[in-house]
Amino acid sequence: MMHSGAVLIEPRLELPNWGKKSKFRLALVQLHVSKIKADNLGRAQKIVKEAAGQGAKVVVLPECFNSPYGTGFFAEYAEKIPGESTQVLSEAAKECGVYLVGGSIPEEDGGKIYNTCSIFGPDGKLLVKHRKIHLFDIDVPGKIRFQESETLSPGNSLSMFETPFCKVGVGICYDIRFAELAQIYAKKGCQLLVYPGAFNMTTGPAHWELLQRGRAVDNQVYVAAASPARDESASYVAWGHSSVVNPWGEVIAKAGSEESIVYADIDLQYLADMRQQLPITTQRRNDLYSVNSVQEG
């Protein structure tokens with residue numbers, strides 16, 4: 001069964017391949033998240049399988065895919081890694097032979113709770129674990145106040161992983177607002193940036209797409225952001241609109257607000273062409289300014 005709202009981008013003409021495979025299919029799973037963890041895990045597993053059946057090689061789940069999003073839920077749903085949810089992700093990645101970006105889950109470690117994304121390879125092995133670096137602490141009077149730091153601790157490392165196609169950089173939701181993180185990922189060779197996220201009905205319409213397009217065009221990379229489906233009855237209502245943006249800043253695939261799968265064919269030859277036509281990477285004035293990571297990795 002194909003989910004409504006699925007978008008399929010027509011593949012471009014096959015172009016020369018310099019070493020790595022120049023094209024692959026990416027799928028974003030815009031999952032409906034309920035309060036029942038077992039249901040969320042089961043549905044995620046099923047939809048990952050559906051995406052793999054449509055040729056996806058990299059599949060991305062949304063932020064907080066195994067539990068409702070909210071400071072009142074994080075402690076209740078928190079797990080160790082490895083644990084129940086990451087076991088399901090590992091099995092799904094292996095069964096489907098995909099790179100699975102496991103959205104995020106509340107992770108308990110040493111008495112602290114983190115908002116954590118686990119990435120698994122096609123062999124089911126954990127490749128990297130990204131703990132959300134920038135906590136979502138905002139206060140927009142009359143619209144939304146949310147303080148992740150009331151219950152969550154921030155991560156302290158950058159997260160990248162290799163695929164046969166390209167290197168991928170990982171951020172979670174609020175991390176996308178920090179342009180320096182994307183710049184460093186691009187500088188370190190990432191050609192795709194993935195951001196499981198859950199923007200809300202205030203920040204979503206204003207900035208969700210704008211930030212993805214900004215990160216993409218500034219760094220000449222593909223940017224993909226996966227949101228939960230919208231649930232008007234939830235305490236925190238997600239904007240939805242999971243989308244993929246190309247290095248030219250165009251939205252090439254986008255969901256609506258309902259549960260769906262978004263597909264895009266990532267074309268790394270197209271990315272290389274863009275960088276050749278607009279050579280900002282080589283024109284950058286490194287003698288005047290630079291953005292660098294304090295830690296290596």
# chains A, B, ... in the order shown; residues from 1 in each chain; ligands from 1
>>> residues_around(residues="Ser104 (chain A)", least_positions_apart="3", cutoff="6 Å", atoms="only C-alpha atoms", output="list in words")
Glu63, Cys64, Thr116 and Cys117 of chain A
>>> write_last_selection(atoms="all heavy atoms", output="short mmCIF file (atom, residue, chain, number, x, y, z; two decimals), in the first residue's frame")
data_model
loop_
_atom_site.label_atom_id
_atom_site.label_comp_id
_atom_site.auth_asym_id
_atom_site.auth_seq_id
_atom_site.Cartn_x
_atom_site.Cartn_y
_atom_site.Cartn_z
N GLU A 63 11.77 13.28 14.42
CA GLU A 63 12.16 13.52 15.82
C GLU A 63 11.09 12.93 16.73
O GLU A 63 9.90 13.01 16.46
CB GLU A 63 12.29 15.02 16.07
CG GLU A 63 12.70 15.36 17.50
CD GLU A 63 12.83 16.86 17.76
OE1 GLU A 63 12.15 17.65 17.07
OE2 GLU A 63 13.61 17.23 18.64
N CYS A 64 11.54 12.34 17.83
CA CYS A 64 10.65 11.80 18.87
C CYS A 64 9.59 10.89 18.25
O CYS A 64 8.39 11.08 18.45
CB CYS A 64 10.01 12.96 19.63
SG CYS A 64 10.01 12.69 21.41
N THR A 116 17.99 11.91 21.30
CA THR A 116 19.05 11.19 20.59
C THR A 116 18.60 10.51 19.30
O THR A 116 17.58 9.82 19.27
CB THR A 116 19.66 10.13 21.53
OG1 THR A 116 20.13 10.78 22.72
CG2 THR A 116 20.82 9.40 20.87
N CYS A 117 19.39 10.69 18.26
CA CYS A 117 19.17 10.03 16.96
C CYS A 117 20.22 8.94 16.78
O CYS A 117 21.42 9.20 16.84
CB CYS A 117 19.30 11.05 15.84
SG CYS A 117 19.17 10.34 14.19
#
>>> residues_around(residues="region 69-75 of chain A", least_positions_apart="3", cutoff="10 Å", atoms="only C-alpha atoms", output="PyMOL selection string")
chain A and resi 33-35+63-66+78-79+105-108+112-115+146-152+198+228+234-238
>>> closest_residue(among="A:Gly197, A:Gly249, A:Pro122, A:Gly169", to="Val58 (chain A)", atoms="only C-alpha atoms")
A:Pro122
>>> atom_distance(atom1="CA of Ala226 (chain A)", atom2="CA of Pro196 (chain A)")
4.7 Å
>>> select_by_dssp(residues="region 12-253 of chain A", states="strand (DSSP E)", output="PyMOL selection string")
chain A and resi 23-30+56-60+99-101+105-109+112-120+126-131+137-140+144-147+159-162+167-170+190-196+222-226+243-245+251-253
>>> residues_around(residues="Ile172 (chain A)", least_positions_apart="2", cutoff="12 Å", atoms="only C-alpha atoms", output="PDB file with N, CA, C and O atoms, in the first residue's frame")
ATOM      1  N   VAL A  60      14.711   8.080   6.655  1.00  0.00           N
ATOM      2  CA  VAL A  60      14.796   8.971   7.813  1.00  0.00           C
ATOM      3  C   VAL A  60      13.459   9.012   8.549  1.00  0.00           C
ATOM      4  O   VAL A  60      12.423   9.283   7.937  1.00  0.00           O
ATOM      5  N   LEU A  61      13.501   8.765   9.856  1.00  0.00           N
ATOM      6  CA  LEU A  61      12.313   8.876  10.710  1.00  0.00           C
ATOM      7  C   LEU A  61      12.292  10.253  11.368  1.00  0.00           C
ATOM      8  O   LEU A  61      13.313  10.933  11.422  1.00  0.00           O
ATOM      9  N   PRO A  62      11.148  10.664  11.914  1.00  0.00           N
ATOM     10  CA  PRO A  62      11.069  11.993  12.525  1.00  0.00           C
ATOM     11  C   PRO A  62      11.604  12.063  13.951  1.00  0.00           C
ATOM     12  O   PRO A  62      11.824  11.035  14.598  1.00  0.00           O
ATOM     13  N   GLU A  63      11.775  13.285  14.422  1.00  0.00           N
ATOM     14  CA  GLU A  63      12.158  13.517  15.817  1.00  0.00           C
ATOM     15  C   GLU A  63      11.091  12.929  16.732  1.00  0.00           C
ATOM     16  O   GLU A  63       9.904  13.015  16.455  1.00  0.00           O
ATOM     17  N   CYS A  64      11.543  12.340  17.830  1.00  0.00           N
ATOM     18  CA  CYS A  64      10.652  11.803  18.868  1.00  0.00           C
ATOM     19  C   CYS A  64       9.585  10.885  18.249  1.00  0.00           C
ATOM     20  O   CYS A  64       8.388  11.082  18.448  1.00  0.00           O
ATOM     21  N   VAL A 101      18.125   6.350   9.507  1.00  0.00           N
ATOM     22  CA  VAL A 101      18.330   7.465  10.434  1.00  0.00           C
ATOM     23  C   VAL A 101      17.129   7.450  11.374  1.00  0.00           C
ATOM     24  O   VAL A 101      16.014   7.818  10.979  1.00  0.00           O
ATOM     25  N   GLY A 102      17.374   6.985  12.602  1.00  0.00           N
ATOM     26  CA  GLY A 102      16.268   6.671  13.517  1.00  0.00           C
ATOM     27  C   GLY A 102      15.625   7.852  14.203  1.00  0.00           C
ATOM     28  O   GLY A 102      15.381   7.807  15.419  1.00  0.00           O
ATOM     29  N   GLY A 103      15.323   8.903  13.451  1.00  0.00           N
ATOM     30  CA  GLY A 103      14.621  10.049  14.017  1.00  0.00           C
ATOM     31  C   GLY A 103      15.268  10.471  15.313  1.00  0.00           C
ATOM     32  O   GLY A 103      16.452  10.777  15.352  1.00  0.00           O
ATOM     33  N   SER A 104      14.499  10.458  16.392  1.00  0.00           N
ATOM     34  CA  SER A 104      15.114  10.591  17.721  1.00  0.00           C
ATOM     35  C   SER A 104      14.198   9.971  18.762  1.00  0.00           C
ATOM     36  O   SER A 104      13.000   9.793  18.534  1.00  0.00           O
ATOM     37  N   ILE A 105      14.810   9.617  19.888  1.00  0.00           N
ATOM     38  CA  ILE A 105      14.069   9.106  21.035  1.00  0.00           C
ATOM     39  C   ILE A 105      14.642   9.759  22.296  1.00  0.00           C
ATOM     40  O   ILE A 105      15.784  10.215  22.299  1.00  0.00           O
ATOM     41  N   TYR A 114      18.624  12.625  27.126  1.00  0.00           N
ATOM     42  CA  TYR A 114      19.048  13.299  25.894  1.00  0.00           C
ATOM     43  C   TYR A 114      18.008  13.060  24.804  1.00  0.00           C
ATOM     44  O   TYR A 114      17.253  12.086  24.848  1.00  0.00           O
ATOM     45  N   ASN A 115      17.976  13.959  23.830  1.00  0.00           N
ATOM     46  CA  ASN A 115      17.150  13.781  22.638  1.00  0.00           C
ATOM     47  C   ASN A 115      18.100  13.222  21.576  1.00  0.00           C
ATOM     48  O   ASN A 115      18.934  13.949  21.037  1.00  0.00           O
ATOM     49  N   THR A 116      17.987  11.911  21.297  1.00  0.00           N
ATOM     50  CA  THR A 116      19.053  11.192  20.586  1.00  0.00           C
ATOM     51  C   THR A 116      18.597  10.511  19.301  1.00  0.00           C
ATOM     52  O   THR A 116      17.581   9.824  19.274  1.00  0.00           O
ATOM     53  N   CYS A 117      19.390  10.692  18.260  1.00  0.00           N
ATOM     54  CA  CYS A 117      19.173  10.033  16.964  1.00  0.00           C
ATOM     55  C   CYS A 117      20.217   8.936  16.783  1.00  0.00           C
ATOM     56  O   CYS A 117      21.420   9.202  16.843  1.00  0.00           O
ATOM     57  N   SER A 118      19.764   7.705  16.558  1.00  0.00           N
ATOM     58  CA  SER A 118      20.665   6.569  16.296  1.00  0.00           C
ATOM     59  C   SER A 118      20.587   6.206  14.824  1.00  0.00           C
ATOM     60  O   SER A 118      19.488   6.082  14.275  1.00  0.00           O
ATOM     61  N   LYS A 129      25.615   7.956  16.962  1.00  0.00           N
ATOM     62  CA  LYS A 129      24.512   8.381  17.823  1.00  0.00           C
ATOM     63  C   LYS A 129      24.632   9.888  17.985  1.00  0.00           C
ATOM     64  O   LYS A 129      25.654  10.369  18.462  1.00  0.00           O
ATOM     65  N   HIS A 130      23.624  10.636  17.537  1.00  0.00           N
ATOM     66  CA  HIS A 130      23.665  12.099  17.657  1.00  0.00           C
ATOM     67  C   HIS A 130      22.720  12.557  18.760  1.00  0.00           C
ATOM     68  O   HIS A 130      21.511  12.327  18.688  1.00  0.00           O
ATOM     69  N   ARG A 131      23.290  13.181  19.775  1.00  0.00           N
ATOM     70  CA  ARG A 131      22.471  13.798  20.817  1.00  0.00           C
ATOM     71  C   ARG A 131      22.264  15.265  20.450  1.00  0.00           C
ATOM     72  O   ARG A 131      23.240  15.981  20.206  1.00  0.00           O
ATOM     73  N   LYS A 132      21.013  15.682  20.402  1.00  0.00           N
ATOM     74  CA  LYS A 132      20.667  17.056  20.030  1.00  0.00           C
ATOM     75  C   LYS A 132      21.568  18.045  20.759  1.00  0.00           C
ATOM     76  O   LYS A 132      21.640  18.054  21.991  1.00  0.00           O
ATOM     77  N   ILE A 133      22.268  18.873  19.991  1.00  0.00           N
ATOM     78  CA  ILE A 133      23.272  19.777  20.547  1.00  0.00           C
ATOM     79  C   ILE A 133      22.629  21.034  21.137  1.00  0.00           C
ATOM     80  O   ILE A 133      22.990  21.499  22.208  1.00  0.00           O
ATOM     81  N   HIS A 134      21.678  21.589  20.378  1.00  0.00           N
ATOM     82  CA  HIS A 134      21.032  22.846  20.776  1.00  0.00           C
ATOM     83  C   HIS A 134      19.635  22.537  21.313  1.00  0.00           C
ATOM     84  O   HIS A 134      18.790  22.038  20.574  1.00  0.00           O
ATOM     85  N   LEU A 135      19.413  22.830  22.568  1.00  0.00           N
ATOM     86  CA  LEU A 135      18.104  22.540  23.165  1.00  0.00           C
ATOM     87  C   LEU A 135      17.094  23.629  22.804  1.00  0.00           C
ATOM     88  O   LEU A 135      17.423  24.816  22.745  1.00  0.00           O
ATOM     89  N   PHE A 136      15.873  23.199  22.587  1.00  0.00           N
ATOM     90  CA  PHE A 136      14.785  24.060  22.134  1.00  0.00           C
ATOM     91  C   PHE A 136      14.184  24.779  23.347  1.00  0.00           C
ATOM     92  O   PHE A 136      13.283  24.278  24.004  1.00  0.00           O
ATOM     93  N   PRO A 154      22.034  18.646  26.812  1.00  0.00           N
ATOM     94  CA  PRO A 154      22.499  18.754  25.428  1.00  0.00           C
ATOM     95  C   PRO A 154      23.612  17.759  25.106  1.00  0.00           C
ATOM     96  O   PRO A 154      24.400  17.394  25.974  1.00  0.00           O
ATOM     97  N   GLY A 155      23.674  17.347  23.857  1.00  0.00           N
ATOM     98  CA  GLY A 155      24.797  16.536  23.383  1.00  0.00           C
ATOM     99  C   GLY A 155      25.999  17.433  23.154  1.00  0.00           C
ATOM    100  O   GLY A 155      25.863  18.660  23.075  1.00  0.00           O
ATOM    101  N   LEU A 158      29.575  16.469  17.190  1.00  0.00           N
ATOM    102  CA  LEU A 158      29.069  16.496  15.820  1.00  0.00           C
ATOM    103  C   LEU A 158      28.917  15.051  15.362  1.00  0.00           C
ATOM    104  O   LEU A 158      29.633  14.171  15.832  1.00  0.00           O
ATOM    105  N   SER A 159      28.000  14.804  14.434  1.00  0.00           N
ATOM    106  CA  SER A 159      27.725  13.422  14.024  1.00  0.00           C
ATOM    107  C   SER A 159      27.633  13.307  12.515  1.00  0.00           C
ATOM    108  O   SER A 159      26.813  13.968  11.881  1.00  0.00           O
ATOM    109  N   GLY A 169      25.671  14.350   7.246  1.00  0.00           N
ATOM    110  CA  GLY A 169      25.734  15.039   8.527  1.00  0.00           C
ATOM    111  C   GLY A 169      24.369  15.020   9.192  1.00  0.00           C
ATOM    112  O   GLY A 169      23.343  15.107   8.510  1.00  0.00           O
ATOM    113  N   VAL A 170      24.351  14.931  10.519  1.00  0.00           N
ATOM    114  CA  VAL A 170      23.093  14.771  11.253  1.00  0.00           C
ATOM    115  C   VAL A 170      22.893  15.887  12.276  1.00  0.00           C
ATOM    116  O   VAL A 170      23.799  16.225  13.041  1.00  0.00           O
ATOM    117  N   TYR A 174      16.057  21.820  16.244  1.00  0.00           N
ATOM    118  CA  TYR A 174      16.587  23.155  16.548  1.00  0.00           C
ATOM    119  C   TYR A 174      18.029  23.319  16.059  1.00  0.00           C
ATOM    120  O   TYR A 174      18.466  24.434  15.791  1.00  0.00           O
ATOM    121  N   ASP A 175      18.757  22.202  15.925  1.00  0.00           N
ATOM    122  CA  ASP A 175      20.135  22.249  15.398  1.00  0.00           C
ATOM    123  C   ASP A 175      20.194  22.917  14.026  1.00  0.00           C
ATOM    124  O   ASP A 175      21.226  23.487  13.653  1.00  0.00           O
ATOM    125  N   ILE A 176      19.093  22.858  13.263  1.00  0.00           N
ATOM    126  CA  ILE A 176      19.103  23.403  11.895  1.00  0.00           C
ATOM    127  C   ILE A 176      19.216  24.926  11.899  1.00  0.00           C
ATOM    128  O   ILE A 176      19.647  25.527  10.913  1.00  0.00           O
ATOM    129  N   ARG A 177      18.864  25.569  13.001  1.00  0.00           N
ATOM    130  CA  ARG A 177      18.924  27.029  13.063  1.00  0.00           C
ATOM    131  C   ARG A 177      20.367  27.544  13.163  1.00  0.00           C
ATOM    132  O   ARG A 177      20.609  28.736  12.971  1.00  0.00           O
ATOM    133  N   PHE A 178      21.294  26.653  13.474  1.00  0.00           N
ATOM    134  CA  PHE A 178      22.679  27.068  13.681  1.00  0.00           C
ATOM    135  C   PHE A 178      23.486  26.757  12.424  1.00  0.00           C
ATOM    136  O   PHE A 178      23.914  25.627  12.186  1.00  0.00           O
ATOM    137  N   LEU A 181      26.940  24.766  12.194  1.00  0.00           N
ATOM    138  CA  LEU A 181      26.963  23.302  12.222  1.00  0.00           C
ATOM    139  C   LEU A 181      26.918  22.745  10.796  1.00  0.00           C
ATOM    140  O   LEU A 181      27.708  21.877  10.427  1.00  0.00           O
ATOM    141  N   ALA A 182      26.002  23.279   9.991  1.00  0.00           N
ATOM    142  CA  ALA A 182      25.881  22.837   8.592  1.00  0.00           C
ATOM    143  C   ALA A 182      27.147  23.163   7.801  1.00  0.00           C
ATOM    144  O   ALA A 182      27.610  22.368   6.979  1.00  0.00           O
ATOM    145  N   LEU A 193      22.590  16.623   4.387  1.00  0.00           N
ATOM    146  CA  LEU A 193      22.362  16.897   5.804  1.00  0.00           C
ATOM    147  C   LEU A 193      20.944  16.452   6.134  1.00  0.00           C
ATOM    148  O   LEU A 193      19.998  16.788   5.413  1.00  0.00           O
ATOM    149  N   VAL A 194      20.798  15.672   7.210  1.00  0.00           N
ATOM    150  CA  VAL A 194      19.463  15.209   7.610  1.00  0.00           C
ATOM    151  C   VAL A 194      19.123  15.763   8.984  1.00  0.00           C
ATOM    152  O   VAL A 194      19.947  15.746   9.900  1.00  0.00           O
ATOM    153  N   TYR A 195      17.902  16.252   9.097  1.00  0.00           N
ATOM    154  CA  TYR A 195      17.424  16.835  10.342  1.00  0.00           C
ATOM    155  C   TYR A 195      16.052  16.251  10.698  1.00  0.00           C
ATOM    156  O   TYR A 195      15.031  16.750  10.218  1.00  0.00           O
ATOM    157  N   PRO A 196      15.999  15.186  11.508  1.00  0.00           N
ATOM    158  CA  PRO A 196      14.708  14.820  12.065  1.00  0.00           C
ATOM    159  C   PRO A 196      14.251  16.013  12.916  1.00  0.00           C
ATOM    160  O   PRO A 196      15.059  16.567  13.683  1.00  0.00           O
ATOM    161  N   GLY A 197      13.007  16.446  12.748  1.00  0.00           N
ATOM    162  CA  GLY A 197      12.565  17.640  13.469  1.00  0.00           C
ATOM    163  C   GLY A 197      11.087  17.598  13.776  1.00  0.00           C
ATOM    164  O   GLY A 197      10.351  16.773  13.244  1.00  0.00           O
ATOM    165  N   ALA A 198      10.651  18.513  14.632  1.00  0.00           N
ATOM    166  CA  ALA A 198       9.223  18.636  14.938  1.00  0.00           C
ATOM    167  C   ALA A 198       8.934  20.113  15.189  1.00  0.00           C
ATOM    168  O   ALA A 198       8.722  20.535  16.317  1.00  0.00           O
ATOM    169  N   PHE A 199       8.985  20.901  14.110  1.00  0.00           N
ATOM    170  CA  PHE A 199       8.614  22.313  14.251  1.00  0.00           C
ATOM    171  C   PHE A 199       7.122  22.383  14.564  1.00  0.00           C
ATOM    172  O   PHE A 199       6.369  21.449  14.269  1.00  0.00           O
ATOM    173  N   ALA A 224      17.531  17.338   4.073  1.00  0.00           N
ATOM    174  CA  ALA A 224      16.272  16.612   4.265  1.00  0.00           C
ATOM    175  C   ALA A 224      15.828  16.757   5.711  1.00  0.00           C
ATOM    176  O   ALA A 224      16.630  16.601   6.634  1.00  0.00           O
ATOM    177  N   ALA A 225      14.555  17.068   5.909  1.00  0.00           N
ATOM    178  CA  ALA A 225      14.022  17.217   7.265  1.00  0.00           C
ATOM    179  C   ALA A 225      12.732  16.417   7.401  1.00  0.00           C
ATOM    180  O   ALA A 225      11.804  16.588   6.605  1.00  0.00           O
ATOM    181  N   ALA A 226      12.712  15.510   8.391  1.00  0.00           N
ATOM    182  CA  ALA A 226      11.565  14.615   8.591  1.00  0.00           C
ATOM    183  C   ALA A 226      10.817  15.007   9.856  1.00  0.00           C
ATOM    184  O   ALA A 226      11.400  15.057  10.939  1.00  0.00           O
ATOM    185  N   SER A 227       9.533  15.274   9.703  1.00  0.00           N
ATOM    186  CA  SER A 227       8.674  15.679  10.822  1.00  0.00           C
ATOM    187  C   SER A 227       7.662  14.587  11.135  1.00  0.00           C
ATOM    188  O   SER A 227       7.301  13.798  10.260  1.00  0.00           O
TER     189      SER A 227
END
>>> atom_distance(atom1="CA of Ile47 (chain A)", atom2="CA of Leu26 (chain A)")
13.5 Å
>>> residues_around(residues="Ala264 (chain A)", least_positions_apart="6", cutoff="12 Å", atoms="only C-alpha atoms", output="VMD selection string")
chain A and resid 6 to 12 23 to 29 51 54 to 60 222 to 224 242 to 246 251 to 255
>>> closest_residue(among="A:Ala92, A:Ile119, A:Leu126, A:Ile144", to="Thr202 (chain A)", atoms="only C-alpha atoms")
A:Ile144
>>> atom_distance(atom1="CA of Ala52 (chain A)", atom2="CA of Glu95 (chain A)")
9.7 Å
>>> residues_around(residues="Ala229 (chain A)", least_positions_apart="4", cutoff="6 Å", atoms="only C-alpha atoms", output="JSON, numbers by chain")
{"A": [30, 31, 32, 240, 257, 258, 259]}
>>> residues_around(residues="region 292-296 of chain A", least_positions_apart="2", cutoff="8 Å", atoms="only C-alpha atoms", output="mmCIF file with N, CA and C atoms, in the first residue's frame")
data_model
loop_
_atom_site.group_PDB
_atom_site.id
_atom_site.type_symbol
_atom_site.label_atom_id
_atom_site.label_comp_id
_atom_site.auth_asym_id
_atom_site.auth_seq_id
_atom_site.Cartn_x
_atom_site.Cartn_y
_atom_site.Cartn_z
ATOM 1 N N SER A 157 28.648 16.561 20.684
ATOM 2 C CA SER A 157 29.491 16.143 19.564
ATOM 3 C C SER A 157 28.766 16.261 18.226
ATOM 4 N N ILE A 184 30.199 23.390 8.930
ATOM 5 C CA ILE A 184 31.273 22.463 9.320
ATOM 6 C C ILE A 184 31.053 21.094 8.685
ATOM 7 N N SER A 290 36.717 32.198 8.957
ATOM 8 C CA SER A 290 36.533 30.750 8.887
ATOM 9 C C SER A 290 35.611 30.286 10.009
#
>>> residues_around(residues="Asn219 (chain A)", least_positions_apart="3", cutoff="9 Å", atoms="only C-alpha atoms", output="list in words")
Ala182, Gln183, Ala186, Lys187, Gln191, Gly214, Arg215, Ala216, Tyr222, Pro247, Ile280 and Thr281 of chain A
>>> closest_residue(among="A:Val88, A:Leu268, A:Ala206, A:Val262", to="Gln45 (chain A)", atoms="only C-alpha atoms")
A:Val88
>>> select_by_dssp(residues="region 29-161 of chain A", states="alpha helix (DSSP H)", output="JSON, numbers by chain")
{"A": [37, 38, 39, 40, 41, 42, 43, 44, 45, 46, 47, 48, 49, 50, 51, 52, 53, 71, 72, 73, 74, 75, 76, 77, 84, 85, 86, 87, 88, 89, 90, 91, 92, 93, 94, 95, 96]}
>>> closest_residue(among="A:Gly53, A:Lys125, A:Asn200, A:Gly110", to="Lys80 (chain A)", atoms="only C-alpha atoms")
A:Gly110
